[in-house]
Amino acid sequence: MVAIIPQPLHVESPVGGAAFPLEGAVLVAGPTEAEQRVAAYAADLLTRAAGTRVAVAGSVPDGAPSIALRLADVAGPSGSDSPERYMLEVDGSGAVLTATAPVGLFHAVQTLRRLVTEGEHGPEVSAVVVHDAPRFAWRGLSFDVARNFFPVRQIELVIDVLASYKLNVLHLHLTDDQGWRIETPSRPELAKLASETSTSGTAGGHLSLADFRHLQDYAADRFVTIVPEIDLPGHTNAATSVYGELRADGQRTAPYEGIEVGFSQLTYDLPATEPFLREVLADVAAITDGEYLHVGGDEALTLGAEEYAQFIALLEEIVAETGKKTITWQEAAQAGTRPDTLLQYWDNRVDSAPFLAAAARGSRFIMSPGNRAYLDMKYTAEYPLGQDWAGLIELRTAYDWDPAEVIEGLPVDQIEGVEAAVWTETLSTQEELFLMLLPRLSAVAEVAWTAPERKDWDDYRARVVAEAATWRREGLSFHETPQVDWS
């Protein structure tokens with residue numbers, strides 16, 4: 001068995017092929033900055049995996065085993081033209097990683113790292129040929145740092161795990177009733193005054209402009225894009241605790257540390273509302289490298305349909321004026337969103353008619369069904385962490401689903417991709433966070449990357465056992481579900 005997660009599209013293990021010894025191996029890459037950056041990352045990753053130094057070199061010494069990173073036109077499996085496609089070839093003399101773009105080389109490195117085993121004479125990689133490309137272009141995690149704040153180092157660890165599973169989007173939920181977690185120069189009071197609370201009663205916190213800049217650079221080095229979310233027009237108690245003029249009664253709300261939803265809102269026709277939205281979204285757009293801003297739109301339960309639709313139209317207008325593209329949660333479909341607004345599906349308990357109508361207008365969807373991809377749901381009824389409103393999500397539940405079957409009648413070519421989500425009402429420490437993420441995030445990663453005909457539960461649960469050694473080496477907690485034989 002070749003233990004690669006997510007499962008590639010094509011894997012061939014030549015009969016009798018010699019293994020590639022990693023002792024003394026050197027890594028060579030092309031001259032561009034992107035290639036050299038991937039090479040440096042690869043050398044560090046493979047050194048940790050193998051327990052022996054893998055160095056970057058300008059050329060290969062005579063007789064030395066080598067790992068070559070090559071940018072070249074490589075045919076994708078099944079005719080894929082994805083820029084993320086790659087090919088990996090390993091034999092006794094070394095490994096050749098070929099891709100059409102640096103991101104493909106990066107994915108090939110992640111695959112090679114998973115093939116490192118301990119042989120009779122030291123670390124080695126068995127002979128193999130891999131052709132691979134993703135099913136969906138958008139593969140990510142929505143990470144709530146608003147209910148409980150997680151500092152930069154812990155967000156970096158999340159980015160590392162995303163990259164290891166070929167996930168390429170970190171959607172940061174930065175604002176909610178319990179806290180405002182991003183510095184906004186036009187409204188500095190938000191981060192100063194509305195970031196001190198959390199559902200756990202801890203001190204809270206926020207990301208400075210420098211923090212956000214650093215995280216985007218850190219993510220970009222791993223081919224992950226950060227998508228910031230400012231949740232509007234509901235989930236706004238943190239904002240109204242600073243600015244009473246955003247409410248009809250003009251009164252500031254009290255800071256909130258509970259976990260209820262749907263009680264807070266902005267008021268559309270107040271003089272202060274539109275300037276607030278324009279200034280905050282312009283601030284966030286100005287510091288965001290990616291092309292999307294997420295503006296929420298979920299659970300605005302106290303707003304009437306007309307006022308809600310006015311808000312969505314205004315938010316789309318403002319985001320477009322910043323030069324970015326809009327993402328909203330699924331509720332905005334009922335407001336008649338623009339065709340270029342991405343809709344993020346999460347609540348499988350509601351009628352799908354508004355989503356099919358949006359699809360008919362040309363909308364595309366990110367699939368995050370709560371009963372499959374919400375990784376803050378409990379594993380079992382007795383599990384001490386998490387919630388259960390969307391159901392219990394054991395590992396097999398997170399694995400055994402097809403995004404193309406979530407909304408009946410939605411054309412698969414209008415699915416942009418898949419996001420898992422972890423909401424943190426009940427999670428406040430690194431240990432708790434990763435207990436909920438792992439191993440389930442690896443399952444959702446395979447849903448997002450791998451063609452359905454290549455997925456198999458029994459095969460996956462055998463492959464995931466090998467991941468435990470890496471998690472332990474990196475100091476990451478994980479849930480040892482009884483659905484897997486970890487021995």
# chains A, B, ... in the order shown; residues from 1 in each chain; ligands from 1

call {"tool": "residues_around", "arguments": {"residues": "A:Pro185", "least_positions_apart": "5", "cutoff": "9 Å", "atoms": "only C-alpha atoms", "output": "list in words"}}
result
Leu209, Glu279, Val280 and Asp283 of chain A

call {"tool": "write_last_selection", "arguments": {"atoms": "C-alpha atoms", "output": "PDB file, in the first residue's frame"}}
result
ATOM      1  CA  LEU A 209      -1.530  44.718  10.513  1.00  0.00           C
ATOM      2  CA  GLU A 279     -14.239  52.128   5.876  1.00  0.00           C
ATOM      3  CA  VAL A 280     -13.883  48.702   7.457  1.00  0.00           C
ATOM      4  CA  ASP A 283      -9.220  48.658   5.316  1.00  0.00           C
TER       5      ASP A 283
END

call {"tool": "residues_around", "arguments": {"residues": "stretch 257-273 of chain A", "least_positions_apart": "6", "cutoff": "8 Å", "atoms": "only C-alpha atoms", "output": "list of chain:residue names"}}
result
A:Asp177, A:Gln178, A:Thr197, A:Ser198, A:Thr199, A:Ser200, A:Gly201, A:Leu232, A:Pro233, A:Gly234, A:His235, A:Thr236, A:Asn237, A:Thr240, A:Glu245, A:Leu246, A:Arg247, A:Ala248, A:Glu299, A:Ala300, A:Leu301, A:Thr302, A:Leu303, A:Glu307, A:Gln310, A:Phe311, A:Glu425

call {"tool": "residues_around", "arguments": {"residues": "A:Glu480", "least_positions_apart": "3", "cutoff": "10 Å", "atoms": "only C-alpha atoms", "output": "compact mmCIF listing (two decimals) with N, CA and C atoms, in the first residue's frame"}}
result
# COMPACT_ATOMS: atom_id res chain seq x y z
N LEU A 435 -7.31 18.38 18.25
CA LEU A 435 -8.11 17.19 18.51
C LEU A 435 -9.34 17.14 17.61
N LEU A 438 -7.88 16.92 13.58
CA LEU A 438 -7.21 15.70 13.14
C LEU A 438 -7.81 14.47 13.83
N PRO A 439 -8.09 13.45 13.05
CA PRO A 439 -7.73 13.22 11.65
C PRO A 439 -8.74 13.72 10.61
N VAL A 465 -3.26 5.86 9.14
CA VAL A 465 -2.45 5.42 10.27
C VAL A 465 -1.04 6.01 10.19
N ALA A 468 -0.13 9.50 11.79
CA ALA A 468 0.03 9.71 13.23
C ALA A 468 1.47 9.99 13.62
N SER A 477 -1.89 17.35 18.58
CA SER A 477 -2.84 16.40 19.15
C SER A 477 -3.78 15.90 18.06
N GLN A 483 -12.49 4.00 14.86
CA GLN A 483 -12.74 3.58 13.49
C GLN A 483 -11.45 3.23 12.74
N VAL A 484 -10.31 3.54 13.35
CA VAL A 484 -9.00 3.27 12.75
C VAL A 484 -8.18 2.42 13.72
N ASP A 485 -7.47 1.43 13.19
CA ASP A 485 -6.54 0.64 14.00
C ASP A 485 -5.19 1.36 14.01
N TRP A 486 -4.92 2.10 15.07
CA TRP A 486 -3.72 2.93 15.15
C TRP A 486 -2.49 2.14 15.58

call {"tool": "atom_distance", "arguments": {"atom1": "atom CA of A:Asp459", "atom2": "atom CA of A:Val2"}}
result
9.9 Å

call {"tool": "closest_residue", "arguments": {"among": "A:Ala25, A:Val444, A:Leu385, A:Leu141", "to": "A:Thr426", "atoms": "only C-alpha atoms"}}
result
A:Leu385

call {"tool": "select_by_dssp", "arguments": {"residues": "stretch 329-415 of chain A", "states": "strand (DSSP E)", "output": "list in words"}}
result
Trp329, Leu342, Leu343, Gln344, Tyr345, Phe365, Ile366, Met367 and Ile415 of chain A

call {"tool": "write_last_selection", "arguments": {"atoms": "N, CA and C atoms", "output": "PDB file, in the first residue's frame"}}
result
ATOM      1  N   TRP A 329     -22.058  33.627   2.963  1.00  0.00           N
ATOM      2  CA  TRP A 329     -22.687  32.371   3.349  1.00  0.00           C
ATOM      3  C   TRP A 329     -23.975  32.187   2.545  1.00  0.00           C
ATOM      4  N   LEU A 342     -19.447  34.372  -4.806  1.00  0.00           N
ATOM      5  CA  LEU A 342     -19.347  32.974  -4.400  1.00  0.00           C
ATOM      6  C   LEU A 342     -20.247  32.745  -3.194  1.00  0.00           C
ATOM      7  N   LEU A 343     -21.001  31.664  -3.223  1.00  0.00           N
ATOM      8  CA  LEU A 343     -21.901  31.317  -2.128  1.00  0.00           C
ATOM      9  C   LEU A 343     -21.347  30.106  -1.387  1.00  0.00           C
ATOM     10  N   GLN A 344     -21.252  30.234  -0.069  1.00  0.00           N
ATOM     11  CA  GLN A 344     -20.726  29.137   0.736  1.00  0.00           C
ATOM     12  C   GLN A 344     -21.877  28.417   1.426  1.00  0.00           C
ATOM     13  N   TYR A 345     -22.091  27.179   1.007  1.00  0.00           N
ATOM     14  CA  TYR A 345     -23.197  26.361   1.514  1.00  0.00           C
ATOM     15  C   TYR A 345     -22.776  25.696   2.816  1.00  0.00           C
ATOM     16  N   PHE A 365     -20.413  27.772  -6.064  1.00  0.00           N
ATOM     17  CA  PHE A 365     -20.591  27.392  -4.668  1.00  0.00           C
ATOM     18  C   PHE A 365     -19.328  26.782  -4.075  1.00  0.00           C
ATOM     19  N   ILE A 366     -19.110  27.113  -2.799  1.00  0.00           N
ATOM     20  CA  ILE A 366     -18.148  26.406  -1.958  1.00  0.00           C
ATOM     21  C   ILE A 366     -18.967  25.497  -1.050  1.00  0.00           C
ATOM     22  N   MET A 367     -18.640  24.221  -1.018  1.00  0.00           N
ATOM     23  CA  MET A 367     -19.434  23.258  -0.263  1.00  0.00           C
ATOM     24  C   MET A 367     -18.816  23.029   1.119  1.00  0.00           C
ATOM     25  N   ILE A 415     -19.500  24.048  -8.836  1.00  0.00           N
ATOM     26  CA  ILE A 415     -18.903  23.886  -7.514  1.00  0.00           C
ATOM     27  C   ILE A 415     -17.451  24.332  -7.590  1.00  0.00           C
TER      28      ILE A 415
END

call {"tool": "atom_distance", "arguments": {"atom1": "atom CA of A:Ala163", "atom2": "atom CA of A:Ala285"}}
result
24.0 Å

call {"tool": "select_by_dssp", "arguments": {"residues": "stretch 90-197 of chain A", "states": "helix (DSSP H, G or I)", "output": "PyMOL selection string"}}
result
chain A and resi 102-114+152-164+188-193

call {"tool": "write_last_selection", "arguments": {"atoms": "N, CA and C atoms", "output": "tab-separated table (two decimals), in the first residue's frame"}}
result
chain	number	residue	atom	x	y	z
A	102	PRO	N	5.13	26.22	-9.98
A	102	PRO	CA	5.71	25.94	-8.67
A	102	PRO	C	4.74	25.28	-7.69
A	103	VAL	N	3.45	25.63	-7.75
A	103	VAL	CA	2.49	25.01	-6.84
A	103	VAL	C	2.43	23.51	-7.05
A	104	GLY	N	2.55	23.05	-8.29
A	104	GLY	CA	2.58	21.62	-8.55
A	104	GLY	C	3.81	20.95	-7.96
A	105	LEU	N	4.96	21.62	-8.06
A	105	LEU	CA	6.16	21.09	-7.42
A	105	LEU	C	5.96	20.98	-5.92
A	106	PHE	N	5.32	21.98	-5.33
A	106	PHE	CA	5.07	21.95	-3.88
A	106	PHE	C	4.22	20.75	-3.51
A	107	HIS	N	3.16	20.49	-4.28
A	107	HIS	CA	2.32	19.33	-4.00
A	107	HIS	C	3.11	18.03	-4.17
A	108	ALA	N	3.97	17.98	-5.18
A	108	ALA	CA	4.79	16.79	-5.39
A	108	ALA	C	5.70	16.53	-4.20
A	109	VAL	N	6.23	17.60	-3.60
A	109	VAL	CA	7.06	17.47	-2.41
A	109	VAL	C	6.26	16.86	-1.27
A	110	GLN	N	5.02	17.31	-1.08
A	110	GLN	CA	4.18	16.76	-0.02
A	110	GLN	C	3.94	15.27	-0.24
A	111	THR	N	3.76	14.88	-1.50
A	111	THR	CA	3.58	13.47	-1.80
A	111	THR	C	4.85	12.69	-1.50
A	112	LEU	N	6.00	13.21	-1.94
A	112	LEU	CA	7.27	12.52	-1.70
A	112	LEU	C	7.52	12.35	-0.21
A	113	ARG	N	7.23	13.37	0.57
A	113	ARG	CA	7.44	13.27	2.02
A	113	ARG	C	6.68	12.09	2.62
A	114	ARG	N	5.48	11.83	2.11
A	114	ARG	CA	4.68	10.74	2.66
A	114	ARG	C	5.20	9.36	2.25
A	152	VAL	N	-0.72	34.04	16.46
A	152	VAL	CA	-0.05	33.83	15.17
A	152	VAL	C	0.58	32.45	15.07
A	153	ARG	N	1.30	32.02	16.09
A	153	ARG	CA	2.00	30.73	15.98
A	153	ARG	C	1.02	29.58	15.78
A	154	GLN	N	-0.12	29.63	16.42
A	154	GLN	CA	-1.10	28.55	16.25
A	154	GLN	C	-1.75	28.61	14.88
A	155	ILE	N	-1.95	29.80	14.34
A	155	ILE	CA	-2.46	29.92	12.97
A	155	ILE	C	-1.42	29.39	11.99
A	156	GLU	N	-0.14	29.64	12.25
A	156	GLU	CA	0.92	29.07	11.41
A	156	GLU	C	0.84	27.54	11.38
A	157	LEU	N	0.62	26.93	12.53
A	157	LEU	CA	0.51	25.47	12.57
A	157	LEU	C	-0.65	24.98	11.73
A	158	VAL	N	-1.76	25.70	11.78
A	158	VAL	CA	-2.91	25.34	10.94
A	158	VAL	C	-2.53	25.44	9.47
A	159	ILE	N	-1.84	26.50	9.09
A	159	ILE	CA	-1.41	26.66	7.69
A	159	ILE	C	-0.51	25.50	7.28
A	160	ASP	N	0.41	25.09	8.15
A	160	ASP	CA	1.29	23.97	7.84
A	160	ASP	C	0.49	22.70	7.56
A	161	VAL	N	-0.52	22.45	8.38
A	161	VAL	CA	-1.33	21.26	8.18
A	161	VAL	C	-2.14	21.36	6.88
A	162	LEU	N	-2.70	22.53	6.61
A	162	LEU	CA	-3.41	22.71	5.35
A	162	LEU	C	-2.50	22.37	4.17
A	163	ALA	N	-1.31	22.94	4.16
A	163	ALA	CA	-0.39	22.72	3.05
A	163	ALA	C	-0.03	21.25	2.92
A	164	SER	N	0.10	20.56	4.04
A	164	SER	CA	0.50	19.16	3.98
A	164	SER	C	-0.55	18.30	3.30
A	188	PRO	N	-9.78	52.20	14.63
A	188	PRO	CA	-8.86	51.51	15.55
A	188	PRO	C	-9.51	51.06	16.84
A	189	GLU	N	-10.63	51.69	17.22
A	189	GLU	CA	-11.29	51.32	18.47
A	189	GLU	C	-11.80	49.88	18.46
A	190	LEU	N	-12.09	49.36	17.27
A	190	LEU	CA	-12.62	48.00	17.19
A	190	LEU	C	-11.65	46.99	17.78
A	191	ALA	N	-10.41	47.01	17.33
A	191	ALA	CA	-9.42	46.07	17.84
A	191	ALA	C	-9.03	46.39	19.28
A	192	LYS	N	-9.03	47.68	19.63
A	192	LYS	CA	-8.63	48.05	20.98
A	192	LYS	C	-9.68	47.67	22.02
A	193	LEU	N	-10.96	47.89	21.69
A	193	LEU	CA	-12.02	47.75	22.69
A	193	LEU	C	-12.84	46.48	22.54

call {"tool": "closest_residue", "arguments": {"among": "A:Val406, A:Ala254, A:Val227, A:Pro65", "to": "A:Ile327", "atoms": "only C-alpha atoms"}}
result
A:Val227

call {"tool": "residues_around", "arguments": {"residues": "stretch 71-75 of chain A", "least_positions_apart": "2", "cutoff": "6 Å", "atoms": "only C-alpha atoms", "output": "ChimeraX atom specification"}}
result
/A:98-100

call {"tool": "residues_around", "arguments": {"residues": "A:Ala381", "least_positions_apart": "4", "cutoff": "10 Å", "atoms": "only C-alpha atoms", "output": "MDAnalysis selection string"}}
result
chainID A and resid 377 385:388 391:393

call {"tool": "residues_around", "arguments": {"residues": "A:Arg440", "least_positions_apart": "3", "cutoff": "9 Å", "atoms": "only C-alpha atoms", "output": "PyMOL selection string"}}
result
chain A and resi 373+375+393-396+398-399+436-437+443-445+479

call {"tool": "write_last_selection", "arguments": {"atoms": "C-alpha atoms", "output": "mmCIF file, in the first residue's frame"}}
result
data_model
loop_
_atom_site.group_PDB
_atom_site.id
_atom_site.type_symbol
_atom_site.label_atom_id
_atom_site.label_comp_id
_atom_site.auth_asym_id
_atom_site.auth_seq_id
_atom_site.Cartn_x
_atom_site.Cartn_y
_atom_site.Cartn_z
ATOM 1 C CA ALA A 373 -17.451 19.286 7.091
ATOM 2 C CA LEU A 375 -15.120 19.825 12.374
ATOM 3 C CA ILE A 393 -19.206 13.602 12.738
ATOM 4 C CA GLU A 394 -16.993 10.585 13.161
ATOM 5 C CA LEU A 395 -14.109 10.129 10.745
ATOM 6 C CA ARG A 396 -16.077 8.062 8.246
ATOM 7 C CA ALA A 398 -16.242 13.342 7.276
ATOM 8 C CA TYR A 399 -14.867 11.076 4.528
ATOM 9 C CA MET A 436 -11.084 18.357 16.452
ATOM 10 C CA LEU A 437 -9.152 18.957 13.220
ATOM 11 C CA ALA A 443 -10.594 13.138 5.264
ATOM 12 C CA VAL A 444 -12.156 16.345 3.942
ATOM 13 C CA ALA A 445 -8.921 17.069 2.062
ATOM 14 C CA HIS A 479 -8.303 12.013 18.143
#

call {"tool": "residues_around", "arguments": {"residues": "A:Trp346", "least_positions_apart": "3", "cutoff": "10 Å", "atoms": "only C-alpha atoms", "output": "short mmCIF file (atom, residue, chain, number, x, y, z; two decimals) with N, CA and C atoms, in the first residue's frame"}}
result
data_model
loop_
_atom_site.label_atom_id
_atom_site.label_comp_id
_atom_site.auth_asym_id
_atom_site.auth_seq_id
_atom_site.Cartn_x
_atom_site.Cartn_y
_atom_site.Cartn_z
N ASP A 298 -24.66 35.38 7.20
CA ASP A 298 -25.37 34.27 7.83
C ASP A 298 -26.09 34.71 9.10
N TRP A 329 -22.06 33.63 2.96
CA TRP A 329 -22.69 32.37 3.35
C TRP A 329 -23.98 32.19 2.54
N GLN A 330 -24.52 31.00 2.58
CA GLN A 330 -25.60 30.59 1.67
C GLN A 330 -26.85 31.45 1.77
N GLU A 331 -27.13 32.03 2.95
CA GLU A 331 -28.37 32.78 3.12
C GLU A 331 -28.52 33.90 2.10
N LEU A 343 -21.00 31.66 -3.22
CA LEU A 343 -21.90 31.32 -2.13
C LEU A 343 -21.35 30.11 -1.39
N ARG A 349 -30.10 21.71 6.32
CA ARG A 349 -31.46 21.51 6.84
C ARG A 349 -32.50 22.36 6.13
N VAL A 350 -32.09 23.19 5.17
CA VAL A 350 -33.01 24.15 4.56
C VAL A 350 -33.30 23.77 3.11
N ILE A 366 -19.11 27.11 -2.80
CA ILE A 366 -18.15 26.41 -1.96
C ILE A 366 -18.97 25.50 -1.05
N MET A 367 -18.64 24.22 -1.02
CA MET A 367 -19.43 23.26 -0.26
C MET A 367 -18.82 23.03 1.12
N SER A 368 -19.59 23.39 2.17
CA SER A 368 -19.18 23.20 3.56
C SER A 368 -20.35 22.65 4.37
N PRO A 369 -20.94 21.54 3.95
CA PRO A 369 -22.13 21.05 4.65
C PRO A 369 -21.84 20.76 6.11
N GLY A 370 -22.65 21.34 6.99
CA GLY A 370 -22.39 21.23 8.42
C GLY A 370 -22.37 19.81 8.93
N ASN A 371 -23.17 18.92 8.33
CA ASN A 371 -23.24 17.55 8.82
C ASN A 371 -22.10 16.68 8.31
N ARG A 372 -21.18 17.25 7.52
CA ARG A 372 -20.02 16.52 7.01
C ARG A 372 -18.70 17.22 7.27
N ALA A 373 -18.71 18.54 7.14
CA ALA A 373 -17.45 19.29 7.09
C ALA A 373 -17.25 20.24 8.26
N TYR A 374 -18.20 20.32 9.20
CA TYR A 374 -18.02 21.18 10.37
C TYR A 374 -17.26 20.39 11.43
N ALA A 390 -25.37 20.07 14.28
CA ALA A 390 -25.37 19.61 12.88
C ALA A 390 -25.26 18.09 12.79
N GLU A 419 -14.76 23.50 1.58
CA GLU A 419 -14.10 23.98 2.79
C GLU A 419 -14.62 23.22 3.98
N ALA A 420 -13.73 22.71 4.79
CA ALA A 420 -14.08 22.31 6.14
C ALA A 420 -14.21 23.58 6.97
N ALA A 421 -14.77 23.44 8.17
CA ALA A 421 -14.88 24.59 9.06
C ALA A 421 -14.67 24.13 10.49
#

call {"tool": "atom_distance", "arguments": {"atom1": "atom CA of A:Ala358", "atom2": "atom CA of A:Arg139"}}
result
21.5 Å

call {"tool": "closest_residue", "arguments": {"among": "A:Val116, A:Ala469, A:Ile312, A:Ala404", "to": "A:Pro452", "atoms": "only C-alpha atoms"}}
result
A:Ala404

call {"tool": "closest_residue", "arguments": {"among": "A:Ala49, A:Ser208, A:Arg85, A:Gly362", "to": "A:Arg472", "atoms": "only C-alpha atoms"}}
result
A:Ala49
